[in-house]
Amino acid sequence: MRVLSQRISELLKHEAAGGVLLLIAAAFALIIDNSALSNLYHSILQTPFVIGLGNLSLDKPLLLWINDGLMALFFLLVGLEIKRELIQGNLSTVRQAILPALAAIGGMAMPAIIYSIINQGDPVALRGWAVPAATDIAFAVGVLALLGTRIPIGLKVFLLTLAVIDDLGVILIIAVFYTAEVSLHALLVAGGAGVVLLALNKMGVNRLLPYILVGLVMWVAVLKSGVHATLAGVAIAFFIPLRTKDPEQVSPLLRAEHSLQPYVMLLVMPVFAFANAGVRLIGLTADEIFGPVPFGIALGLFFGNQIGIMGVSFLIIKLKLCELPKSVTWLQLWGASALAGIGFTMSLFIGMLAFTDPSYQASLRIGVLSGSLVSGILGYAILRYMCSRVQESAKAG
């Protein structure tokens, strides 16, 4: 029993574990939604949960607690990673950041353009323009992890940095384009919480508990404000200190990041996938499968990322603004750009915000699942082929 426990622990620590669990959760949701348990699946997700104190209460179905609550933890982790990268990581210098940063912009713009062209003339469908612009870092890194040490470090750094910048872009898109009517009173409360968090940071408070307690106040206020609550997670992250006065002490940001990561990757994201990936395939109409919305999402994810990332990378490298990462070939860069087309979690999340009309949910999920699947298969095939060529060359040498 102890050996089995150790083996499970080792598997869960593998880089690919998060992506594999996401895939299992999504498949499980699809199976259940196309079985006799479909009604139970949806009724559980719509079960109301109320948390309140006096006149202040939050009354939401389970699905929204997952999308607004659990995903706030995901965005908190994203915010911590972005802050660390900006201060002392791959985004801390212009030279390090220029290639993945500009490639990420291309990889967000081109999918949005493709989707918008396909759905022009339909104002409701056009609300989903940002759906194919997102990259699911857990899946993309999981595919790379399946290829092990045969993948150059430079390619991993490129894809990770690109995904971090993509996440930052998604955060800005949600804040600007998917914010409902705003409550000024609630925003003032959130702003007050932000002032307290800033004071904690400036006073050098290194314990995480004060940041957590004030952060909860900010999350509730943002939730009540009309701005999407997950953005509170990002805001909280930027107030948590990365550096401490004692160089030997682990900073609060790094402690929070290391503590959160396994829970987010192995619990929060699979739960989100299970709650949002279900789609009843029986009785789908041709428009729900092949219509402009699913077609635009799938083509945006698959072709948009490849064209945007490769096109921008080729242009800026030929202009000698930067160089290919060390030991990385153009073919490997193509494989990474295909993996960036795995939108899944982030695409579904944006889609939930873009399409409040239930009639669009099946089309959204069909487009995201199909586009992500073919992108992942192509990216893996390209990189697997390159690994085989490197091994053959090594044997021949």
# chains A, B, ... in the order shown; residues from 1 in each chain; ligands from 1
$ select_by_dssp --residues "stretch 80-283 of chain A" --states "helix (DSSP H, G or I)" --output "compact mmCIF listing (two decimals) with N, CA and C atoms, in the first residue's frame"
# COMPACT_ATOMS: atom_id res chain seq x y z
N LEU A 80 0.63 35.63 -9.46
CA LEU A 80 1.91 35.41 -8.77
C LEU A 80 3.01 35.08 -9.77
N GLU A 81 2.69 34.24 -10.75
CA GLU A 81 3.68 33.85 -11.77
C GLU A 81 4.07 35.05 -12.63
N ILE A 82 3.08 35.86 -13.02
CA ILE A 82 3.36 37.03 -13.86
C ILE A 82 4.26 38.02 -13.10
N LYS A 83 3.94 38.28 -11.82
CA LYS A 83 4.75 39.21 -11.05
C LYS A 83 6.19 38.72 -10.92
N ARG A 84 6.35 37.41 -10.63
CA ARG A 84 7.70 36.86 -10.50
C ARG A 84 8.48 36.97 -11.81
N GLU A 85 7.80 36.66 -12.92
CA GLU A 85 8.47 36.73 -14.23
C GLU A 85 8.85 38.16 -14.58
N LEU A 86 7.99 39.12 -14.22
CA LEU A 86 8.27 40.53 -14.54
C LEU A 86 9.44 41.09 -13.74
N ILE A 87 9.59 40.60 -12.50
CA ILE A 87 10.63 41.16 -11.63
C ILE A 87 11.97 40.45 -11.76
N GLN A 88 11.93 39.12 -11.83
CA GLN A 88 13.22 38.41 -11.86
C GLN A 88 13.23 37.20 -12.79
N VAL A 94 14.08 43.32 -21.62
CA VAL A 94 13.46 43.43 -22.94
C VAL A 94 13.99 42.35 -23.87
N ARG A 95 15.28 42.08 -23.81
CA ARG A 95 15.89 41.09 -24.72
C ARG A 95 15.31 39.70 -24.51
N GLN A 96 15.08 39.34 -23.24
CA GLN A 96 14.50 38.02 -22.94
C GLN A 96 13.04 37.94 -23.37
N ALA A 97 12.33 39.05 -23.22
CA ALA A 97 10.87 39.02 -23.38
C ALA A 97 10.39 39.30 -24.80
N ILE A 98 11.21 39.93 -25.64
CA ILE A 98 10.70 40.46 -26.90
C ILE A 98 10.12 39.39 -27.82
N LEU A 99 10.80 38.24 -27.97
CA LEU A 99 10.30 37.21 -28.89
C LEU A 99 8.99 36.60 -28.39
N PRO A 100 8.94 36.03 -27.16
CA PRO A 100 7.66 35.45 -26.71
C PRO A 100 6.57 36.49 -26.53
N ALA A 101 6.94 37.74 -26.17
CA ALA A 101 5.92 38.77 -25.96
C ALA A 101 5.23 39.13 -27.27
N LEU A 102 6.02 39.42 -28.30
CA LEU A 102 5.43 39.78 -29.59
C LEU A 102 4.75 38.58 -30.24
N ALA A 103 5.34 37.39 -30.07
CA ALA A 103 4.71 36.17 -30.61
C ALA A 103 3.36 35.92 -29.94
N ALA A 104 3.29 36.18 -28.63
CA ALA A 104 2.02 36.00 -27.91
C ALA A 104 0.96 36.96 -28.42
N ILE A 105 1.36 38.21 -28.71
CA ILE A 105 0.41 39.18 -29.26
C ILE A 105 -0.11 38.70 -30.60
N GLY A 106 0.79 38.19 -31.45
CA GLY A 106 0.36 37.62 -32.73
C GLY A 106 -0.55 36.43 -32.55
N GLY A 107 -0.23 35.61 -31.53
CA GLY A 107 -1.02 34.42 -31.25
C GLY A 107 -2.36 34.71 -30.62
N MET A 108 -2.58 35.93 -30.17
CA MET A 108 -3.89 36.34 -29.66
C MET A 108 -4.68 37.10 -30.74
N ALA A 109 -3.97 37.92 -31.52
CA ALA A 109 -4.64 38.75 -32.52
C ALA A 109 -5.18 37.94 -33.69
N MET A 110 -4.36 37.03 -34.22
CA MET A 110 -4.78 36.30 -35.41
C MET A 110 -5.99 35.39 -35.17
N PRO A 111 -6.06 34.63 -34.07
CA PRO A 111 -7.27 33.85 -33.80
C PRO A 111 -8.52 34.72 -33.70
N ALA A 112 -8.38 35.89 -33.04
CA ALA A 112 -9.52 36.80 -32.90
C ALA A 112 -9.96 37.34 -34.26
N ILE A 113 -9.00 37.61 -35.13
CA ILE A 113 -9.32 38.11 -36.48
C ILE A 113 -10.05 37.04 -37.28
N ILE A 114 -9.53 35.80 -37.24
CA ILE A 114 -10.16 34.70 -37.99
C ILE A 114 -11.59 34.49 -37.51
N TYR A 115 -11.77 34.44 -36.19
CA TYR A 115 -13.11 34.25 -35.63
C TYR A 115 -14.04 35.38 -36.05
N SER A 116 -13.56 36.62 -35.96
CA SER A 116 -14.40 37.77 -36.28
C SER A 116 -14.81 37.80 -37.74
N ILE A 117 -13.90 37.40 -38.63
CA ILE A 117 -14.23 37.35 -40.06
C ILE A 117 -15.33 36.33 -40.33
N ILE A 118 -15.21 35.16 -39.71
CA ILE A 118 -16.19 34.09 -39.92
C ILE A 118 -17.55 34.46 -39.33
N ALA A 125 -22.75 36.54 -31.73
CA ALA A 125 -21.62 35.63 -31.95
C ALA A 125 -20.28 36.36 -31.83
N LEU A 126 -20.24 37.62 -32.24
CA LEU A 126 -18.99 38.39 -32.20
C LEU A 126 -18.50 38.63 -30.77
N ARG A 127 -19.39 38.45 -29.79
CA ARG A 127 -18.95 38.59 -28.40
C ARG A 127 -17.91 37.53 -28.03
N GLY A 128 -17.85 36.47 -28.83
CA GLY A 128 -16.89 35.41 -28.54
C GLY A 128 -15.57 35.56 -29.25
N VAL A 131 -12.47 34.12 -27.51
CA VAL A 131 -12.44 32.71 -27.08
C VAL A 131 -11.22 31.96 -27.64
N PRO A 132 -10.92 32.06 -28.95
CA PRO A 132 -9.77 31.31 -29.47
C PRO A 132 -8.42 31.98 -29.22
N ALA A 133 -8.42 33.12 -28.54
CA ALA A 133 -7.17 33.85 -28.32
C ALA A 133 -6.40 33.36 -27.10
N ILE A 137 -2.09 26.78 -20.45
CA ILE A 137 -0.70 26.48 -20.13
C ILE A 137 -0.53 25.06 -19.57
N ALA A 138 -1.50 24.57 -18.81
CA ALA A 138 -1.38 23.23 -18.22
C ALA A 138 -1.33 22.16 -19.30
N PHE A 139 -2.21 22.25 -20.29
CA PHE A 139 -2.21 21.28 -21.37
C PHE A 139 -0.95 21.39 -22.23
N ALA A 140 -0.57 22.63 -22.59
CA ALA A 140 0.58 22.84 -23.46
C ALA A 140 1.85 22.30 -22.81
N VAL A 141 2.06 22.64 -21.53
CA VAL A 141 3.24 22.16 -20.82
C VAL A 141 3.16 20.65 -20.61
N GLY A 142 1.94 20.14 -20.41
CA GLY A 142 1.76 18.70 -20.24
C GLY A 142 2.20 17.92 -21.47
N VAL A 143 1.88 18.43 -22.66
CA VAL A 143 2.29 17.77 -23.90
C VAL A 143 3.81 17.80 -24.02
N LEU A 144 4.42 18.95 -23.72
CA LEU A 144 5.88 19.04 -23.74
C LEU A 144 6.51 18.04 -22.76
N ALA A 145 5.90 17.91 -21.59
CA ALA A 145 6.44 17.01 -20.57
C ALA A 145 6.42 15.56 -21.04
N LEU A 146 5.44 15.20 -21.88
CA LEU A 146 5.37 13.83 -22.39
C LEU A 146 6.60 13.49 -23.24
N GLY A 148 9.61 14.68 -22.54
CA GLY A 148 10.75 14.61 -21.64
C GLY A 148 11.88 15.57 -21.96
N THR A 149 13.10 15.11 -21.65
CA THR A 149 14.29 15.96 -21.78
C THR A 149 14.74 16.13 -23.22
N ARG A 150 14.05 15.49 -24.16
CA ARG A 150 14.44 15.64 -25.57
C ARG A 150 14.04 17.00 -26.12
N ILE A 153 15.56 23.23 -23.66
CA ILE A 153 15.14 24.12 -22.59
C ILE A 153 14.62 25.44 -23.16
N GLY A 154 15.28 25.91 -24.21
CA GLY A 154 14.88 27.18 -24.82
C GLY A 154 13.46 27.15 -25.34
N LEU A 155 13.01 26.01 -25.84
CA LEU A 155 11.64 25.90 -26.35
C LEU A 155 10.63 25.90 -25.20
N LYS A 156 10.97 25.23 -24.11
CA LYS A 156 10.09 25.22 -22.94
C LYS A 156 9.94 26.64 -22.38
N VAL A 157 11.08 27.35 -22.27
CA VAL A 157 11.04 28.71 -21.75
C VAL A 157 10.21 29.60 -22.66
N PHE A 158 10.37 29.43 -23.98
CA PHE A 158 9.61 30.23 -24.95
C PHE A 158 8.11 30.00 -24.77
N LEU A 159 7.70 28.74 -24.69
CA LEU A 159 6.27 28.43 -24.59
C LEU A 159 5.70 28.88 -23.25
N LEU A 160 6.46 28.67 -22.18
CA LEU A 160 5.99 29.10 -20.85
C LEU A 160 5.84 30.61 -20.79
N THR A 161 6.84 31.33 -21.32
CA THR A 161 6.79 32.79 -21.30
C THR A 161 5.64 33.29 -22.17
N LEU A 162 5.47 32.68 -23.34
CA LEU A 162 4.37 33.05 -24.23
C LEU A 162 3.03 32.84 -23.52
N ALA A 163 2.90 31.72 -22.82
CA ALA A 163 1.64 31.42 -22.13
C ALA A 163 1.37 32.41 -21.00
N VAL A 164 2.43 32.83 -20.29
CA VAL A 164 2.27 33.80 -19.21
C VAL A 164 1.78 35.14 -19.77
N ILE A 165 2.37 35.57 -20.88
CA ILE A 165 1.96 36.83 -21.52
C ILE A 165 0.53 36.69 -22.05
N ASP A 166 0.21 35.51 -22.59
CA ASP A 166 -1.15 35.25 -23.06
C ASP A 166 -2.14 35.37 -21.90
N ASP A 167 -1.77 34.84 -20.74
CA ASP A 167 -2.64 34.95 -19.55
C ASP A 167 -2.85 36.41 -19.16
N LEU A 168 -1.77 37.21 -19.24
CA LEU A 168 -1.87 38.62 -18.93
C LEU A 168 -2.83 39.31 -19.91
N GLY A 169 -2.73 38.94 -21.19
CA GLY A 169 -3.64 39.48 -22.19
C GLY A 169 -5.08 39.11 -21.92
N VAL A 170 -5.31 37.86 -21.52
CA VAL A 170 -6.66 37.40 -21.20
C VAL A 170 -7.23 38.19 -20.02
N ILE A 171 -6.40 38.44 -19.02
CA ILE A 171 -6.84 39.21 -17.86
C ILE A 171 -7.30 40.61 -18.29
N LEU A 172 -6.52 41.25 -19.15
CA LEU A 172 -6.89 42.59 -19.64
C LEU A 172 -8.17 42.55 -20.46
N ILE A 173 -8.31 41.50 -21.28
CA ILE A 173 -9.52 41.36 -22.10
C ILE A 173 -10.76 41.21 -21.23
N ILE A 174 -10.66 40.36 -20.20
CA ILE A 174 -11.80 40.16 -19.29
C ILE A 174 -12.17 41.48 -18.61
N ALA A 175 -11.14 42.20 -18.14
CA ALA A 175 -11.38 43.46 -17.43
C ALA A 175 -12.04 44.51 -18.31
N VAL A 176 -11.61 44.58 -19.57
CA VAL A 176 -12.09 45.65 -20.46
C VAL A 176 -13.38 45.28 -21.18
N PHE A 177 -13.46 44.03 -21.69
CA PHE A 177 -14.55 43.68 -22.59
C PHE A 177 -15.66 42.82 -21.97
N LEU A 184 -20.29 51.24 -8.03
CA LEU A 184 -19.24 52.13 -7.52
C LEU A 184 -18.96 51.86 -6.04
N HIS A 185 -20.02 51.60 -5.26
CA HIS A 185 -19.85 51.35 -3.83
C HIS A 185 -18.97 50.12 -3.59
N ALA A 186 -19.26 49.04 -4.31
CA ALA A 186 -18.47 47.81 -4.15
C ALA A 186 -17.03 48.02 -4.61
N LEU A 187 -16.83 48.80 -5.68
CA LEU A 187 -15.47 49.07 -6.15
C LEU A 187 -14.68 49.89 -5.13
N LEU A 188 -15.36 50.79 -4.43
CA LEU A 188 -14.69 51.57 -3.39
C LEU A 188 -14.22 50.66 -2.25
N VAL A 189 -15.05 49.67 -1.90
CA VAL A 189 -14.66 48.70 -0.86
C VAL A 189 -13.44 47.90 -1.34
N ALA A 190 -13.48 47.46 -2.61
CA ALA A 190 -12.36 46.72 -3.18
C ALA A 190 -11.10 47.59 -3.20
N GLY A 191 -11.28 48.88 -3.55
CA GLY A 191 -10.14 49.80 -3.54
C GLY A 191 -9.57 49.99 -2.15
N GLY A 192 -10.45 50.05 -1.15
CA GLY A 192 -10.00 50.16 0.23
C GLY A 192 -9.19 48.95 0.65
N ALA A 193 -9.66 47.76 0.23
CA ALA A 193 -8.91 46.53 0.52
C ALA A 193 -7.54 46.57 -0.16
N GLY A 194 -7.51 47.13 -1.37
CA GLY A 194 -6.24 47.26 -2.07
C GLY A 194 -5.26 48.16 -1.34
N VAL A 195 -5.77 49.26 -0.75
CA VAL A 195 -4.93 50.17 0.03
C VAL A 195 -4.34 49.44 1.24
N VAL A 196 -5.15 48.63 1.90
CA VAL A 196 -4.67 47.86 3.06
C VAL A 196 -3.60 46.86 2.62
N LEU A 197 -3.83 46.19 1.49
CA LEU A 197 -2.83 45.24 0.98
C LEU A 197 -1.52 45.95 0.65
N LEU A 198 -1.62 47.13 0.06
CA LEU A 198 -0.42 47.91 -0.26
C LEU A 198 0.33 48.29 1.02
N ALA A 199 -0.43 48.67 2.05
CA ALA A 199 0.19 49.03 3.33
C ALA A 199 0.91 47.83 3.94
N LEU A 200 0.28 46.66 3.87
CA LEU A 200 0.93 45.44 4.37
C LEU A 200 2.24 45.19 3.63
N ASN A 201 2.22 45.40 2.31
CA ASN A 201 3.41 45.19 1.49
C ASN A 201 4.51 46.17 1.89
N LYS A 202 4.16 47.45 2.03
CA LYS A 202 5.15 48.48 2.34
C LYS A 202 5.71 48.33 3.75
N LEU A 208 1.45 35.29 5.35
CA LEU A 208 0.45 35.26 4.29
C LEU A 208 -0.97 35.48 4.79
N LEU A 209 -1.22 35.15 6.07
CA LEU A 209 -2.59 35.22 6.60
C LEU A 209 -3.23 36.60 6.44
N PRO A 210 -2.54 37.71 6.78
CA PRO A 210 -3.17 39.02 6.59
C PRO A 210 -3.55 39.29 5.14
N TYR A 211 -2.72 38.88 4.20
CA TYR A 211 -3.02 39.07 2.78
C TYR A 211 -4.24 38.24 2.37
N ILE A 212 -4.36 37.03 2.95
CA ILE A 212 -5.50 36.16 2.64
C ILE A 212 -6.80 36.77 3.15
N LEU A 213 -6.79 37.26 4.39
CA LEU A 213 -8.01 37.81 4.99
C LEU A 213 -8.48 39.06 4.26
N VAL A 214 -7.55 39.97 3.99
CA VAL A 214 -7.92 41.20 3.26
C VAL A 214 -8.29 40.85 1.82
N GLY A 215 -7.60 39.85 1.27
CA GLY A 215 -7.90 39.41 -0.09
C GLY A 215 -9.31 38.87 -0.23
N LEU A 216 -9.80 38.18 0.79
CA LEU A 216 -11.18 37.68 0.78
C LEU A 216 -12.18 38.83 0.71
N VAL A 217 -11.90 39.90 1.47
CA VAL A 217 -12.76 41.08 1.43
C VAL A 217 -12.76 41.67 0.02
N MET A 218 -11.57 41.74 -0.59
CA MET A 218 -11.47 42.28 -1.95
C MET A 218 -12.24 41.41 -2.93
N TRP A 219 -12.12 40.09 -2.79
CA TRP A 219 -12.80 39.17 -3.72
C TRP A 219 -14.32 39.35 -3.65
N VAL A 220 -14.88 39.43 -2.42
CA VAL A 220 -16.33 39.62 -2.26
C VAL A 220 -16.75 40.95 -2.86
N ALA A 221 -15.96 41.99 -2.62
CA ALA A 221 -16.31 43.32 -3.14
C ALA A 221 -16.28 43.35 -4.66
N VAL A 222 -15.25 42.74 -5.24
CA VAL A 222 -15.15 42.69 -6.71
C VAL A 222 -16.30 41.86 -7.28
N LEU A 223 -16.65 40.76 -6.61
CA LEU A 223 -17.76 39.93 -7.05
C LEU A 223 -19.06 40.73 -7.08
N LYS A 224 -19.27 41.57 -6.07
CA LYS A 224 -20.48 42.38 -5.98
C LYS A 224 -20.44 43.60 -6.91
N SER A 225 -19.24 43.94 -7.41
CA SER A 225 -19.08 45.18 -8.18
C SER A 225 -19.56 45.06 -9.62
N THR A 230 -12.72 36.87 -10.62
CA THR A 230 -11.41 36.25 -10.77
C THR A 230 -10.30 37.29 -10.87
N LEU A 231 -10.64 38.51 -11.33
CA LEU A 231 -9.64 39.56 -11.44
C LEU A 231 -9.11 39.98 -10.07
N ALA A 232 -9.90 39.73 -9.02
CA ALA A 232 -9.43 40.02 -7.67
C ALA A 232 -8.21 39.18 -7.34
N GLY A 233 -8.20 37.93 -7.83
CA GLY A 233 -7.06 37.06 -7.59
C GLY A 233 -5.78 37.64 -8.15
N VAL A 234 -5.85 38.21 -9.36
CA VAL A 234 -4.67 38.83 -9.98
C VAL A 234 -4.23 40.05 -9.17
N ALA A 235 -5.20 40.87 -8.78
CA ALA A 235 -4.88 42.08 -8.02
C ALA A 235 -4.19 41.74 -6.70
N ILE A 236 -4.71 40.75 -6.00
CA ILE A 236 -4.14 40.34 -4.71
C ILE A 236 -2.69 39.88 -4.91
N ALA A 237 -2.45 39.13 -5.99
CA ALA A 237 -1.11 38.59 -6.24
C ALA A 237 -0.06 39.70 -6.34
N PHE A 238 -0.43 40.82 -6.96
CA PHE A 238 0.55 41.88 -7.18
C PHE A 238 0.89 42.65 -5.90
N PHE A 239 0.13 42.44 -4.81
CA PHE A 239 0.44 43.08 -3.54
C PHE A 239 1.30 42.18 -2.64
N PRO A 252 7.05 35.72 0.71
CA PRO A 252 5.63 35.32 0.75
C PRO A 252 5.10 34.91 -0.63
N LEU A 253 5.54 35.60 -1.68
CA LEU A 253 5.06 35.27 -3.02
C LEU A 253 5.46 33.86 -3.42
N LEU A 254 6.72 33.51 -3.19
CA LEU A 254 7.18 32.17 -3.57
C LEU A 254 6.51 31.10 -2.72
N ARG A 255 6.29 31.40 -1.43
CA ARG A 255 5.59 30.44 -0.57
C ARG A 255 4.16 30.23 -1.06
N ALA A 256 3.50 31.34 -1.40
CA ALA A 256 2.12 31.25 -1.89
C ALA A 256 2.06 30.49 -3.21
N GLU A 257 3.00 30.78 -4.11
CA GLU A 257 3.01 30.12 -5.42
C GLU A 257 3.22 28.62 -5.28
N HIS A 258 4.20 28.23 -4.48
CA HIS A 258 4.50 26.81 -4.30
C HIS A 258 3.37 26.07 -3.58
N SER A 259 2.70 26.76 -2.67
CA SER A 259 1.59 26.13 -1.94
C SER A 259 0.36 25.97 -2.83
N LEU A 260 0.08 27.00 -3.64
CA LEU A 260 -1.11 26.99 -4.48
C LEU A 260 -1.01 26.05 -5.68
N GLN A 261 0.17 25.96 -6.26
CA GLN A 261 0.30 25.29 -7.56
C GLN A 261 -0.27 23.88 -7.61
N PRO A 262 0.07 22.99 -6.65
CA PRO A 262 -0.50 21.64 -6.75
C PRO A 262 -2.01 21.60 -6.63
N TYR A 263 -2.59 22.46 -5.77
CA TYR A 263 -4.04 22.48 -5.61
C TYR A 263 -4.74 23.01 -6.87
N VAL A 264 -4.15 24.05 -7.47
CA VAL A 264 -4.74 24.62 -8.67
C VAL A 264 -4.65 23.65 -9.84
N MET A 265 -3.46 23.08 -10.05
CA MET A 265 -3.25 22.22 -11.21
C MET A 265 -3.95 20.87 -11.08
N LEU A 266 -4.01 20.35 -9.86
CA LEU A 266 -4.53 18.99 -9.67
C LEU A 266 -5.96 18.95 -9.16
N LEU A 267 -6.51 20.10 -8.75
CA LEU A 267 -7.88 20.12 -8.22
C LEU A 267 -8.74 21.18 -8.90
N VAL A 268 -8.33 22.45 -8.80
CA VAL A 268 -9.16 23.55 -9.30
C VAL A 268 -9.44 23.42 -10.79
N MET A 269 -8.40 23.24 -11.60
CA MET A 269 -8.59 23.19 -13.05
C MET A 269 -9.34 21.93 -13.51
N PRO A 270 -9.05 20.75 -12.96
CA PRO A 270 -9.87 19.59 -13.34
C PRO A 270 -11.34 19.75 -12.95
N VAL A 271 -11.61 20.35 -11.77
CA VAL A 271 -13.00 20.58 -11.36
C VAL A 271 -13.68 21.54 -12.33
N PHE A 272 -12.97 22.61 -12.72
CA PHE A 272 -13.52 23.55 -13.69
C PHE A 272 -13.81 22.84 -15.01
N ALA A 273 -12.87 22.01 -15.46
CA ALA A 273 -13.05 21.28 -16.72
C ALA A 273 -14.26 20.36 -16.64
N PHE A 274 -14.41 19.66 -15.53
CA PHE A 274 -15.54 18.75 -15.37
C PHE A 274 -16.86 19.52 -15.38
N ALA A 275 -16.87 20.69 -14.76
CA ALA A 275 -18.11 21.46 -14.66
C ALA A 275 -18.49 22.16 -15.97
N ASN A 276 -17.50 22.41 -16.84
CA ASN A 276 -17.77 23.23 -18.02
C ASN A 276 -17.57 22.52 -19.36
$ closest_residue --among "A:Ser388, A:Thr93, A:Ser251, A:Ser363" --to "A:Ile151" --atoms "only C-alpha atoms"
A:Ser388
$ atom_distance --atom1 "atom CA of A:Val279" --atom2 "atom CA of A:Ser372"
15.4 Å
$ closest_residue --among "A:Phe75, A:Phe303, A:Tyr41, A:Phe314" --to "A:Leu333" --atoms "only C-alpha atoms"
A:Phe314
$ atom_distance --atom1 "atom CA of A:Ala362" --atom2 "atom CA of A:Ala26"
14.0 Å
$ closest_residue --among "A:Leu378, A:Ile366, A:Leu64, A:Ala29" --to "A:Leu45" --atoms "only C-alpha atoms"
A:Leu64
$ decode --residues "stretch 180-191 of chain A" --atoms "N, CA, C and O atoms" --output "PDB file, in the first residue's frame"
ATOM      1  N   ALA A 180     -19.575  43.582 -16.539  1.00  0.00           N
ATOM      2  CA  ALA A 180     -20.983  43.986 -16.559  1.00  0.00           C
ATOM      3  C   ALA A 180     -21.126  45.391 -15.955  1.00  0.00           C
ATOM      4  O   ALA A 180     -20.145  46.111 -15.770  1.00  0.00           O
ATOM      5  N   GLU A 181     -22.362  45.777 -15.633  1.00  0.00           N
ATOM      6  CA  GLU A 181     -22.589  47.076 -14.996  1.00  0.00           C
ATOM      7  C   GLU A 181     -21.839  47.124 -13.665  1.00  0.00           C
ATOM      8  O   GLU A 181     -21.864  46.175 -12.892  1.00  0.00           O
ATOM      9  N   VAL A 182     -21.196  48.244 -13.422  1.00  0.00           N
ATOM     10  CA  VAL A 182     -20.296  48.358 -12.278  1.00  0.00           C
ATOM     11  C   VAL A 182     -20.977  49.061 -11.103  1.00  0.00           C
ATOM     12  O   VAL A 182     -21.658  50.070 -11.277  1.00  0.00           O
ATOM     13  N   SER A 183     -20.781  48.492  -9.909  1.00  0.00           N
ATOM     14  CA  SER A 183     -21.269  49.114  -8.665  1.00  0.00           C
ATOM     15  C   SER A 183     -20.128  49.930  -8.061  1.00  0.00           C
ATOM     16  O   SER A 183     -19.101  49.372  -7.646  1.00  0.00           O
ATOM     17  N   LEU A 184     -20.288  51.242  -8.027  1.00  0.00           N
ATOM     18  CA  LEU A 184     -19.238  52.127  -7.517  1.00  0.00           C
ATOM     19  C   LEU A 184     -18.963  51.863  -6.042  1.00  0.00           C
ATOM     20  O   LEU A 184     -17.804  51.860  -5.601  1.00  0.00           O
ATOM     21  N   HIS A 185     -20.018  51.604  -5.259  1.00  0.00           N
ATOM     22  CA  HIS A 185     -19.850  51.349  -3.826  1.00  0.00           C
ATOM     23  C   HIS A 185     -18.971  50.123  -3.594  1.00  0.00           C
ATOM     24  O   HIS A 185     -18.034  50.165  -2.784  1.00  0.00           O
ATOM     25  N   ALA A 186     -19.257  49.040  -4.312  1.00  0.00           N
ATOM     26  CA  ALA A 186     -18.471  47.811  -4.150  1.00  0.00           C
ATOM     27  C   ALA A 186     -17.026  48.025  -4.608  1.00  0.00           C
ATOM     28  O   ALA A 186     -16.089  47.502  -3.991  1.00  0.00           O
ATOM     29  N   LEU A 187     -16.830  48.797  -5.681  1.00  0.00           N
ATOM     30  CA  LEU A 187     -15.471  49.073  -6.150  1.00  0.00           C
ATOM     31  C   LEU A 187     -14.680  49.889  -5.134  1.00  0.00           C
ATOM     32  O   LEU A 187     -13.464  49.707  -4.978  1.00  0.00           O
ATOM     33  N   LEU A 188     -15.365  50.788  -4.429  1.00  0.00           N
ATOM     34  CA  LEU A 188     -14.693  51.571  -3.386  1.00  0.00           C
ATOM     35  C   LEU A 188     -14.218  50.659  -2.253  1.00  0.00           C
ATOM     36  O   LEU A 188     -13.128  50.846  -1.708  1.00  0.00           O
ATOM     37  N   VAL A 189     -15.053  49.671  -1.904  1.00  0.00           N
ATOM     38  CA  VAL A 189     -14.656  48.699  -0.865  1.00  0.00           C
ATOM     39  C   VAL A 189     -13.441  47.903  -1.345  1.00  0.00           C
ATOM     40  O   VAL A 189     -12.481  47.695  -0.596  1.00  0.00           O
ATOM     41  N   ALA A 190     -13.484  47.464  -2.614  1.00  0.00           N
ATOM     42  CA  ALA A 190     -12.356  46.723  -3.178  1.00  0.00           C
ATOM     43  C   ALA A 190     -11.100  47.589  -3.199  1.00  0.00           C
ATOM     44  O   ALA A 190      -9.996  47.117  -2.888  1.00  0.00           O
ATOM     45  N   GLY A 191     -11.276  48.880  -3.550  1.00  0.00           N
ATOM     46  CA  GLY A 191     -10.140  49.796  -3.545  1.00  0.00           C
ATOM     47  C   GLY A 191      -9.571  49.990  -2.151  1.00  0.00           C
ATOM     48  O   GLY A 191      -8.344  50.053  -1.970  1.00  0.00           O
TER      49      GLY A 191
END
